[in-house]
$ cat upload38.txt   # compact mmCIF, C-alpha atoms and all ligand atoms
# COMPACT_ATOMS: atom_id res chain seq x y z
CA MET B 20 -189.82 48.52 83.80
CA GLN B 21 -191.61 51.71 84.72
CA ILE B 22 -191.19 54.82 82.61
CA ALA B 23 -190.30 58.14 84.20
CA ASN B 24 -192.67 61.00 83.42
CA ASN B 25 -189.98 63.17 81.86
CA GLN B 26 -189.15 60.36 79.43
CA ILE B 27 -192.78 59.91 78.53
CA PHE B 28 -193.35 63.47 77.47
CA ALA B 29 -189.87 64.04 76.10
CA ASN B 30 -190.48 61.18 73.69
CA ASN B 31 -193.91 62.50 72.77
CA ASN B 32 -194.68 58.95 71.75
CA PRO B 33 -198.41 58.28 71.35
CA ILE B 34 -197.80 54.58 71.88
CA ILE B 35 -196.19 55.34 75.22
CA ARG B 36 -199.08 57.66 76.07
CA LYS B 37 -201.49 54.83 75.35
CA ASN B 38 -199.67 52.67 77.87
CA ILE B 39 -199.98 55.36 80.49
CA PHE B 40 -203.73 55.56 79.99
CA ILE B 41 -203.96 51.79 80.27
CA LYS B 42 -201.93 51.77 83.48
CA ILE B 43 -204.06 54.53 85.01
CA TYR B 44 -207.15 52.59 83.95
CA PHE B 45 -205.92 49.44 85.67
CA THR B 46 -205.02 51.42 88.79
CA ILE B 47 -208.44 53.06 88.97
CA ASN B 48 -210.08 49.68 88.45
CA VAL B 49 -208.12 48.18 91.31
CA LEU B 50 -208.99 51.07 93.60
CA PHE B 51 -212.63 50.93 92.62
CA ASN B 52 -212.84 47.21 93.19
CA ILE B 53 -211.23 47.50 96.61
CA GLU B 54 -213.71 50.15 97.60
CA THR B 55 -216.58 48.10 96.29
CA GLU B 56 -215.41 45.13 98.35
CA SER B 57 -215.14 47.40 101.38
CA ASN B 58 -218.70 48.54 100.94
CA LYS B 59 -219.86 45.36 102.60
CA TYR B 60 -218.34 46.52 105.87
CA ASN B 61 -218.30 50.32 105.53
CA PRO B 62 -221.43 51.96 104.09
CA THR B 63 -219.71 55.38 103.95
CA LEU B 64 -217.59 54.12 101.03
CA LYS B 65 -220.61 53.23 98.96
CA ASN B 66 -220.93 54.84 95.52
CA GLN B 67 -217.80 56.96 95.60
CA PRO B 68 -218.80 59.49 92.92
CA ILE B 69 -215.30 60.83 92.21
CA LEU B 70 -213.93 57.33 91.79
CA MET B 71 -216.77 56.36 89.48
CA PHE B 72 -216.33 59.52 87.43
CA ALA B 73 -212.60 58.89 87.13
CA GLN B 74 -213.24 55.35 85.97
CA VAL B 75 -215.66 56.48 83.28
CA LEU B 76 -213.31 59.23 82.16
CA ILE B 77 -210.28 56.95 81.91
CA SER B 78 -212.34 54.30 80.16
CA CYS B 79 -213.25 56.84 77.49
CA LEU B 80 -209.60 57.79 77.08
CA VAL B 81 -208.59 54.14 76.75
CA LEU B 82 -211.21 53.54 74.09
CA PHE B 83 -210.11 56.67 72.23
CA GLN B 84 -206.51 55.50 72.42
CA SER B 85 -207.25 52.09 70.86
CA PRO B 86 -204.39 50.24 69.12
CA ILE B 87 -205.80 50.93 65.66
CA ALA B 88 -206.24 54.62 66.46
CA GLN B 89 -202.65 54.70 67.68
CA ALA B 90 -201.28 53.05 64.56
CA GLN B 91 -203.12 55.55 62.42
CA SER B 92 -201.80 58.45 64.45
CA VAL B 93 -198.13 57.58 63.78
CA THR B 94 -196.97 58.93 60.42
CA PRO B 95 -194.13 57.25 58.47
CA GLU B 96 -191.89 60.17 59.37
CA LYS B 97 -192.80 59.90 63.05
CA ALA B 98 -192.11 56.17 62.99
CA LEU B 99 -188.66 56.84 61.56
CA GLN B 100 -188.05 59.46 64.23
CA LEU B 101 -189.02 57.01 66.98
CA LEU B 102 -186.50 54.47 65.71
CA ARG B 103 -183.76 57.09 65.40
CA GLU B 104 -184.39 58.31 68.93
CA GLY B 105 -184.49 54.76 70.29
CA ASN B 106 -181.17 53.86 68.68
CA GLU B 107 -179.67 57.09 69.99
CA ARG B 108 -180.72 56.11 73.52
CA PHE B 109 -179.25 52.63 73.00
CA CYS B 110 -175.93 53.98 71.70
CA SER B 111 -175.58 56.47 74.52
CA GLY B 112 -176.33 53.92 77.23
CA LYS B 113 -179.67 55.55 78.05
CA SER B 114 -182.07 52.82 76.94
CA THR B 115 -185.43 53.05 78.72
CA ARG B 116 -186.54 49.51 77.73
CA PRO B 117 -190.13 50.71 77.40
CA ARG B 118 -193.31 48.65 77.38
CA GLN B 119 -191.76 45.45 78.67
CA ASP B 120 -193.94 45.02 81.75
CA SER B 121 -196.82 42.74 82.66
CA VAL B 122 -199.45 45.45 82.10
CA THR B 123 -198.31 45.80 78.49
CA VAL B 124 -198.35 42.03 78.09
CA ARG B 125 -202.01 41.95 79.16
CA MET B 126 -202.91 45.00 77.10
CA LEU B 127 -201.55 43.42 73.93
CA ALA B 128 -203.09 39.99 74.50
CA LYS B 129 -205.92 40.59 72.05
CA SER B 130 -204.50 42.99 69.50
CA GLN B 131 -201.35 44.59 68.17
CA ALA B 132 -200.49 47.73 66.26
CA PRO B 133 -196.75 47.82 65.52
CA PHE B 134 -195.67 51.14 64.09
CA ALA B 135 -192.73 49.77 62.10
CA ILE B 136 -191.70 46.67 60.18
CA ILE B 137 -188.10 45.55 60.25
CA MET B 138 -186.88 43.28 57.47
CA GLY B 139 -183.53 42.37 58.92
CA CYS B 140 -180.80 39.77 59.15
CA SER B 141 -181.22 36.87 61.59
CA ASP B 142 -177.80 37.58 63.10
CA SER B 143 -177.93 37.12 66.88
CA ARG B 144 -176.03 40.35 67.39
CA VAL B 145 -178.80 42.48 65.91
CA PRO B 146 -181.79 42.16 68.29
CA ASN B 147 -184.17 44.74 66.90
CA GLU B 148 -186.14 45.75 69.99
CA ILE B 149 -182.91 46.27 71.92
CA ILE B 150 -181.00 48.32 69.34
CA PHE B 151 -184.05 50.53 68.70
CA ASP B 152 -185.00 50.61 72.40
CA GLN B 153 -188.61 49.60 71.73
CA GLY B 154 -190.98 47.29 73.53
CA LEU B 155 -193.70 44.72 73.16
CA GLY B 156 -196.00 45.37 70.24
CA ASP B 157 -193.86 48.10 68.66
CA LEU B 158 -192.03 46.27 65.89
CA PHE B 159 -193.16 43.65 63.39
CA ILE B 160 -189.97 41.80 62.51
CA VAL B 161 -189.17 39.58 59.55
CA ARG B 162 -185.70 38.09 59.74
CA THR B 163 -183.72 35.82 57.46
CA ALA B 164 -179.96 35.52 57.09
CA GLY B 165 -178.87 38.37 54.85
CA GLN B 166 -182.47 39.71 55.02
CA VAL B 167 -182.99 38.07 51.64
CA PRO B 168 -186.31 38.58 49.86
CA ALA B 169 -188.73 35.66 49.89
CA ALA B 170 -192.43 35.19 49.23
CA ALA B 171 -193.14 34.42 52.88
CA SER B 172 -191.32 37.59 53.93
CA PHE B 173 -193.27 39.67 51.42
CA GLY B 174 -196.56 38.27 52.68
CA SER B 175 -195.59 38.97 56.27
CA ILE B 176 -194.68 42.56 55.47
CA GLU B 177 -197.87 43.14 53.52
CA PHE B 178 -199.86 41.72 56.44
CA ALA B 179 -198.26 44.16 58.88
CA ASP B 180 -198.84 47.01 56.45
CA ARG B 181 -202.47 46.40 55.55
CA MET B 182 -203.82 44.48 58.55
CA LEU B 183 -201.85 45.94 61.44
CA GLY B 184 -201.33 49.50 60.25
CA ALA B 185 -197.54 49.70 60.38
CA LYS B 186 -196.25 52.87 58.74
CA LEU B 187 -192.57 52.25 58.12
CA ILE B 188 -190.49 49.42 56.62
CA VAL B 189 -186.80 49.32 57.42
CA VAL B 190 -184.55 46.97 55.46
CA LEU B 191 -181.83 46.45 58.03
CA GLY B 192 -178.47 45.03 57.03
CA HIS B 193 -175.41 45.00 59.25
CA THR B 194 -171.65 45.16 59.03
CA SER B 195 -169.70 41.89 58.84
CA CYS B 196 -172.77 40.01 57.63
CA GLY B 197 -171.88 36.34 57.21
CA ALA B 198 -174.53 35.76 54.54
CA VAL B 199 -173.17 38.57 52.37
CA SER B 200 -169.62 37.35 52.95
CA ALA B 201 -170.69 33.91 51.75
CA ALA B 202 -172.21 35.44 48.62
CA VAL B 203 -168.86 37.10 47.95
CA GLN B 204 -166.69 34.07 48.66
CA ARG B 205 -169.06 31.38 47.27
CA PRO B 206 -167.97 28.51 49.51
CA GLU B 207 -169.44 25.02 49.22
CA VAL B 208 -172.45 25.03 51.53
CA PRO B 209 -174.83 22.28 52.63
CA GLY B 210 -178.59 22.16 52.26
CA HIS B 211 -180.62 25.26 51.51
CA ILE B 212 -177.97 27.83 52.41
CA VAL B 213 -177.27 28.26 48.72
CA HIS B 214 -180.65 30.00 48.37
CA LEU B 215 -179.39 32.80 50.59
CA ILE B 216 -176.25 33.17 48.52
CA ASN B 217 -178.18 33.22 45.25
CA GLU B 218 -180.46 35.99 46.48
CA ILE B 219 -177.50 38.16 47.50
CA LYS B 220 -175.51 37.63 44.27
CA PRO B 221 -177.00 40.65 42.46
CA ALA B 222 -175.80 42.92 45.26
CA VAL B 223 -172.31 41.46 45.01
CA GLU B 224 -172.23 41.97 41.25
CA SER B 225 -173.33 45.57 41.71
CA ALA B 226 -170.67 46.10 44.36
CA ARG B 227 -167.93 44.79 42.04
CA LYS B 228 -168.36 47.99 40.03
CA GLN B 229 -167.42 50.08 43.05
CA THR B 230 -164.06 50.85 44.59
CA GLY B 231 -163.25 49.76 48.14
CA ASP B 232 -163.94 46.62 50.13
CA LEU B 233 -166.19 44.29 48.15
CA THR B 234 -168.02 42.71 51.10
CA HIS B 235 -168.58 46.08 52.78
CA ASN B 236 -169.99 47.55 49.57
CA ALA B 237 -172.11 44.45 48.93
CA ILE B 238 -173.72 44.82 52.37
CA TYR B 239 -174.88 48.32 51.45
CA GLU B 240 -175.91 47.30 47.94
CA ASN B 241 -177.89 44.38 49.36
CA VAL B 242 -179.91 46.81 51.47
CA ARG B 243 -180.46 49.22 48.59
CA LEU B 244 -181.58 46.49 46.18
CA GLN B 245 -184.02 45.12 48.72
CA VAL B 246 -185.47 48.56 49.38
CA GLN B 247 -185.95 48.90 45.65
CA LYS B 248 -187.54 45.47 45.40
CA LEU B 249 -190.05 46.24 48.15
CA ARG B 250 -190.91 49.58 46.59
CA GLU B 251 -191.67 47.87 43.30
CA LEU B 252 -193.59 44.98 44.86
CA GLU B 253 -197.12 45.04 43.47
CA PRO B 254 -199.91 45.12 44.30
CA VAL B 255 -199.67 46.13 47.96
CA LEU B 256 -196.38 47.75 48.93
CA ALA B 257 -195.75 49.63 45.69
CA LYS B 258 -199.25 51.10 45.84
CA ASP B 259 -199.10 52.03 49.51
CA GLN B 260 -195.71 53.63 49.07
CA ARG B 261 -196.86 55.66 46.07
CA GLU B 262 -199.82 56.91 48.06
CA GLY B 263 -197.63 57.85 51.02
CA LYS B 264 -199.30 55.38 53.38
CA ILE B 265 -196.00 53.69 54.12
CA LYS B 266 -192.34 54.60 53.88
CA ILE B 267 -189.64 52.10 52.89
CA VAL B 268 -186.06 52.91 53.88
CA GLY B 269 -182.72 51.14 54.21
CA ALA B 270 -180.26 51.05 57.10
CA VAL B 271 -177.06 49.32 58.17
CA TYR B 272 -176.39 48.39 61.80
CA HIS B 273 -172.78 48.74 62.93
CA LEU B 274 -171.72 45.81 65.09
CA ASP B 275 -168.78 47.70 66.57
CA ASN B 276 -170.69 50.62 68.09
CA GLY B 277 -174.40 49.77 68.02
CA ARG B 278 -175.31 52.60 65.68
CA VAL B 279 -177.97 52.23 63.00
CA GLU B 280 -176.95 54.16 59.90
CA PHE B 281 -180.02 55.10 57.87
CA LEU B 282 -178.88 55.33 54.26
CA PRO B 283 -179.57 58.89 53.03
CA ASP B 284 -180.15 57.74 49.47
CA THR B 285 -183.05 55.55 50.65
CA LEU B 286 -184.79 58.25 52.67
CA THR B 287 -186.50 59.87 49.69
CA GLU B 288 -188.92 58.20 47.33
CA ALA B 289 -187.19 58.80 44.00
CA GLN B 290 -183.74 57.60 44.75
CA ALA B 291 -184.52 53.89 45.20
CA LYS B 292 -183.78 53.25 41.57
CA LYS B 293 -180.10 53.93 41.23
ZN ZN B 301 -176.18 39.05 58.63
$ encode --input "upload38.txt" --output "structure tokens"
Amino acid sequence: MQIANNQIFANNNPIIRKNIFIKIYFTINVLFNIETESNKYNPTLKNQPILMFAQVLISCLVLFQSPIAQAQSVTPEKALQLLREGNERFCSGKSTRPRQDSVTVRMLAKSQAPFAIIMGCSDSRVPNEIIFDQGLGDLFIVRTAGQVPAAASFGSIEFADRMLGAKLIVVLGHTSCGAVSAAVQRPEVPGHIVHLINEIKPAVESARKQTGDLTHNAIYENVRLQVQKLRELEPVLAKDQREGKIKIVGAVYHLDNGRVEFLPDTLTEAQAKK
């Protein structure tokens, strides 16, 4: 899907700007190649200086706007803003579905630079790129039922942090989460499902101390505890968070209206330990 110019600059999104440079680059290349092919039959088209200059100029811009440079240019705060704005577009029915075209597919074939990591629930009703209105290459997503912590998840997150340059980690729970409900109700479950329940038990126990609906409170506690766990995870995430290289926040997606509620008490560094 093409992006309207007003959306491009209203978003002020450097990742979107990079795509524009790439698209212009491809367009210039196509034009240049056509003219070059035509040279065989029309000598007047030979060595079009303006076209050549434009190609060199755009090439320089593309190189300057490399994926790594882009990832480094997005601050943790900017990454959070991009997700907030994307969810706002989604909720208001104004999704732009950016960077989901064949040019972006080709551009990302050899590298990626996601600006955010989502550690979320596997629930089919919480498709991350859709609810945040993002595109290919934007989000590095680690999903398990109940977004429970696991060594493989930690390694994946650290990889996206250190190797891909992501600047924000969002622990994303959601309302009516079946995994959290199971941890509350403790039904007999087959196979490995019990591992999910065991990982969510601490959140349930914490929620029992609160007033109100136990499952609802456990969903929020589960997010908070996982934010805390990631912030304390040595040697990579804890260090990078202390140094301000990455921000770790918690959020709950509301199934009934599509809104992502970023938890205020996870938006500052000190509050993670409650
Ligand atoms: Zn869930």
$ atom_distance --input "upload38.txt" --atom1 "CA of Leu191 in chain B" --atom2 "CA of Leu249 in chain B"
12.9 Å
$ residues_near_ligand --input "upload38.txt" --ligand "ligand ZN 301 (chain B)" --cutoff "9 Å" --atoms "all atoms listed in the file" --output "list in words"
Gly139, Cys140, Ser141, Asp142, Ser143, Arg144, Val145, Thr163, Ala164, Gly165, Gln166, Gly192, His193, Thr194, Ser195, Cys196, Gly197, Ala198, Val199, Ser200 and Ile238 of chain B
$ closest_residue --input "upload38.txt" --among "B:Ala170, B:Ala202, B:Ala179, B:Glu107" --to "Pro221 in chain B" --atoms "only C-alpha atoms"
B:Ala202
$ residues_around --input "upload38.txt" --residues "Cys110 in chain B" --least-positions-apart "5" --cutoff "10 Å" --atoms "only C-alpha atoms" --output "list in words"
Glu104, Gly105, Ile150, Phe151, Asp152, Asn276, Gly277, Arg278 and Val279 of chain B
$ write_last_selection --input "upload38.txt" --atoms "C-alpha atoms" --output "tab-separated table (two decimals), in the frame of the given file"
chain	number	residue	atom	x	y	z
B	104	GLU	CA	-184.39	58.31	68.93
B	105	GLY	CA	-184.49	54.76	70.29
B	150	ILE	CA	-181.00	48.32	69.34
B	151	PHE	CA	-184.05	50.53	68.70
B	152	ASP	CA	-185.00	50.61	72.40
B	276	ASN	CA	-170.69	50.62	68.09
B	277	GLY	CA	-174.40	49.77	68.02
B	278	ARG	CA	-175.31	52.60	65.68
B	279	VAL	CA	-177.97	52.23	63.00
$ atom_distance --input "upload38.txt" --atom1 "CA of Val213 in chain B" --atom2 "CA of Ala201 in chain B"
9.2 Å
$ atom_distance --input "upload38.txt" --atom1 "CA of Glu218 in chain B" --atom2 "CA of Val161 in chain B"
16.1 Å
$ closest_residue --input "upload38.txt" --among "B:Glu280, B:Glu148, B:Glu288, B:Asp120" --to "Glu251 in chain B" --atoms "only C-alpha atoms"
B:Glu288
$ closest_residue --input "upload38.txt" --among "B:Ile267, B:Ala185, B:Met126, B:Val93" --to "Val246 in chain B" --atoms "all atoms listed in the file"
B:Ile267
$ closest_residue --input "upload38.txt" --among "B:Pro95, B:Arg162, B:Phe134, B:Leu215" --to "Thr287 in chain B" --atoms "only C-alpha atoms"
B:Pro95
$ residues_around --input "upload38.txt" --residues "Lys186 in chain B" --least-positions-apart "4" --cutoff "12 Å" --atoms "all atoms listed in the file" --output "JSON, numbers by chain"
{"B": [87, 89, 90, 91, 92, 93, 94, 95, 96, 97, 98, 99, 100, 101, 132, 133, 134, 135, 136, 137, 157, 158, 159, 176, 177, 178, 179, 180, 181, 182, 256, 259, 260, 262, 263, 264, 265, 266, 267, 268]}
$ residues_around --input "upload38.txt" --residues "Ser225 in chain B" --least-positions-apart "4" --cutoff "12 Å" --atoms "all atoms listed in the file" --output "tab-separated table (two decimals) with C-alpha atoms, in the coordinates of the input"
chain	number	residue	atom	x	y	z
B	203	VAL	CA	-168.86	37.10	47.95
B	219	ILE	CA	-177.50	38.16	47.50
B	220	LYS	CA	-175.51	37.63	44.27
B	221	PRO	CA	-177.00	40.65	42.46
B	229	GLN	CA	-167.42	50.08	43.05
B	230	THR	CA	-164.06	50.85	44.59
B	233	LEU	CA	-166.19	44.29	48.15
B	234	THR	CA	-168.02	42.71	51.10
B	236	ASN	CA	-169.99	47.55	49.57
B	237	ALA	CA	-172.11	44.45	48.93
B	238	ILE	CA	-173.72	44.82	52.37
B	239	TYR	CA	-174.88	48.32	51.45
B	240	GLU	CA	-175.91	47.30	47.94
B	241	ASN	CA	-177.89	44.38	49.36
B	242	VAL	CA	-179.91	46.81	51.47
B	243	ARG	CA	-180.46	49.22	48.59
B	244	LEU	CA	-181.58	46.49	46.18
B	293	LYS	CA	-180.10	53.93	41.23
$ residues_around --input "upload38.txt" --residues "Gln245 in chain B" --least-positions-apart "6" --cutoff "9 Å" --atoms "all atoms listed in the file" --output "PDB file with C-alpha atoms, in the frame of the given file"
ATOM      1  CA  GLN B 166    -182.470  39.710  55.020  1.00  0.00           C
ATOM      2  CA  VAL B 167    -182.990  38.070  51.640  1.00  0.00           C
ATOM      3  CA  PRO B 168    -186.310  38.580  49.860  1.00  0.00           C
ATOM      4  CA  VAL B 190    -184.550  46.970  55.460  1.00  0.00           C
ATOM      5  CA  GLY B 269    -182.720  51.140  54.210  1.00  0.00           C
TER       6      GLY B 269
END
$ decode --input "upload38.txt" --residues "range 132-155 of chain B" --atoms "N, CA and C atoms" --output "PDB file, in the first residue's frame"
ATOM      1  N   ALA B 132      16.117  -3.906  10.859  1.00  0.00           N
ATOM      2  CA  ALA B 132      16.422  -3.004  11.974  1.00  0.00           C
ATOM      3  C   ALA B 132      15.115  -2.633  12.676  1.00  0.00           C
ATOM      4  N   PRO B 133      14.484  -3.596  13.326  1.00  0.00           N
ATOM      5  CA  PRO B 133      13.227  -3.290  14.030  1.00  0.00           C
ATOM      6  C   PRO B 133      13.469  -2.281  15.144  1.00  0.00           C
ATOM      7  N   PHE B 134      12.538  -1.355  15.296  1.00  0.00           N
ATOM      8  CA  PHE B 134      12.757  -0.336  16.333  1.00  0.00           C
ATOM      9  C   PHE B 134      12.188  -0.757  17.685  1.00  0.00           C
ATOM     10  N   ALA B 135      11.344  -1.786  17.711  1.00  0.00           N
ATOM     11  CA  ALA B 135      10.761  -2.224  18.981  1.00  0.00           C
ATOM     12  C   ALA B 135      10.656  -3.734  19.046  1.00  0.00           C
ATOM     13  N   ILE B 136      10.700  -4.230  20.271  1.00  0.00           N
ATOM     14  CA  ILE B 136      10.522  -5.658  20.541  1.00  0.00           C
ATOM     15  C   ILE B 136       9.216  -5.806  21.310  1.00  0.00           C
ATOM     16  N   ILE B 137       8.380  -6.722  20.864  1.00  0.00           N
ATOM     17  CA  ILE B 137       7.151  -6.991  21.593  1.00  0.00           C
ATOM     18  C   ILE B 137       7.254  -8.392  22.188  1.00  0.00           C
ATOM     19  N   MET B 138       7.144  -8.473  23.502  1.00  0.00           N
ATOM     20  CA  MET B 138       7.054  -9.780  24.161  1.00  0.00           C
ATOM     21  C   MET B 138       5.596  -9.934  24.561  1.00  0.00           C
ATOM     22  N   GLY B 139       4.843 -10.644  23.712  1.00  0.00           N
ATOM     23  CA  GLY B 139       3.402 -10.661  23.905  1.00  0.00           C
ATOM     24  C   GLY B 139       2.811 -12.056  23.945  1.00  0.00           C
ATOM     25  N   CYS B 140       1.510 -12.085  24.184  1.00  0.00           N
ATOM     26  CA  CYS B 140       0.783 -13.359  24.214  1.00  0.00           C
ATOM     27  C   CYS B 140       0.542 -13.848  22.782  1.00  0.00           C
ATOM     28  N   SER B 141       0.486 -15.164  22.640  1.00  0.00           N
ATOM     29  CA  SER B 141       0.273 -15.767  21.312  1.00  0.00           C
ATOM     30  C   SER B 141      -1.154 -15.632  20.812  1.00  0.00           C
ATOM     31  N   ASP B 142      -2.036 -15.121  21.641  1.00  0.00           N
ATOM     32  CA  ASP B 142      -3.467 -15.054  21.309  1.00  0.00           C
ATOM     33  C   ASP B 142      -3.693 -14.507  19.887  1.00  0.00           C
ATOM     34  N   SER B 143      -4.527 -15.213  19.135  1.00  0.00           N
ATOM     35  CA  SER B 143      -4.747 -14.859  17.727  1.00  0.00           C
ATOM     36  C   SER B 143      -5.455 -13.523  17.551  1.00  0.00           C
ATOM     37  N   ARG B 144      -5.994 -13.008  18.629  1.00  0.00           N
ATOM     38  CA  ARG B 144      -6.710 -11.719  18.539  1.00  0.00           C
ATOM     39  C   ARG B 144      -5.810 -10.521  18.804  1.00  0.00           C
ATOM     40  N   VAL B 145      -4.509 -10.783  18.967  1.00  0.00           N
ATOM     41  CA  VAL B 145      -3.581  -9.688  19.266  1.00  0.00           C
ATOM     42  C   VAL B 145      -2.441  -9.663  18.243  1.00  0.00           C
ATOM     43  N   PRO B 146      -2.745  -9.453  16.979  1.00  0.00           N
ATOM     44  CA  PRO B 146      -1.692  -9.399  15.950  1.00  0.00           C
ATOM     45  C   PRO B 146      -0.938  -8.071  16.031  1.00  0.00           C
ATOM     46  N   ASN B 147       0.306  -8.145  16.416  1.00  0.00           N
ATOM     47  CA  ASN B 147       1.037  -6.941  16.809  1.00  0.00           C
ATOM     48  C   ASN B 147       1.176  -5.882  15.725  1.00  0.00           C
ATOM     49  N   GLU B 148       1.546  -6.302  14.500  1.00  0.00           N
ATOM     50  CA  GLU B 148       1.717  -5.294  13.448  1.00  0.00           C
ATOM     51  C   GLU B 148       0.404  -4.575  13.136  1.00  0.00           C
ATOM     52  N   ILE B 149      -0.703  -5.288  13.280  1.00  0.00           N
ATOM     53  CA  ILE B 149      -2.002  -4.675  12.967  1.00  0.00           C
ATOM     54  C   ILE B 149      -2.419  -3.699  14.051  1.00  0.00           C
ATOM     55  N   ILE B 150      -2.329  -4.101  15.313  1.00  0.00           N
ATOM     56  CA  ILE B 150      -2.822  -3.219  16.389  1.00  0.00           C
ATOM     57  C   ILE B 150      -1.915  -2.009  16.603  1.00  0.00           C
ATOM     58  N   PHE B 151      -0.649  -2.111  16.170  1.00  0.00           N
ATOM     59  CA  PHE B 151       0.251  -0.954  16.261  1.00  0.00           C
ATOM     60  C   PHE B 151       0.417  -0.266  14.905  1.00  0.00           C
ATOM     61  N   ASP B 152      -0.301  -0.730  13.914  1.00  0.00           N
ATOM     62  CA  ASP B 152      -0.237  -0.180  12.555  1.00  0.00           C
ATOM     63  C   ASP B 152       1.209   0.012  12.080  1.00  0.00           C
ATOM     64  N   GLN B 153       1.971  -1.061  12.123  1.00  0.00           N
ATOM     65  CA  GLN B 153       3.355  -1.045  11.657  1.00  0.00           C
ATOM     66  C   GLN B 153       3.505  -2.008  10.494  1.00  0.00           C
ATOM     67  N   GLY B 154       4.705  -2.052   9.932  1.00  0.00           N
ATOM     68  CA  GLY B 154       4.890  -2.860   8.733  1.00  0.00           C
ATOM     69  C   GLY B 154       6.030  -3.844   8.835  1.00  0.00           C
ATOM     70  N   LEU B 155       6.452  -4.306   7.680  1.00  0.00           N
ATOM     71  CA  LEU B 155       7.556  -5.262   7.610  1.00  0.00           C
ATOM     72  C   LEU B 155       8.811  -4.635   8.218  1.00  0.00           C
TER      73      LEU B 155
END
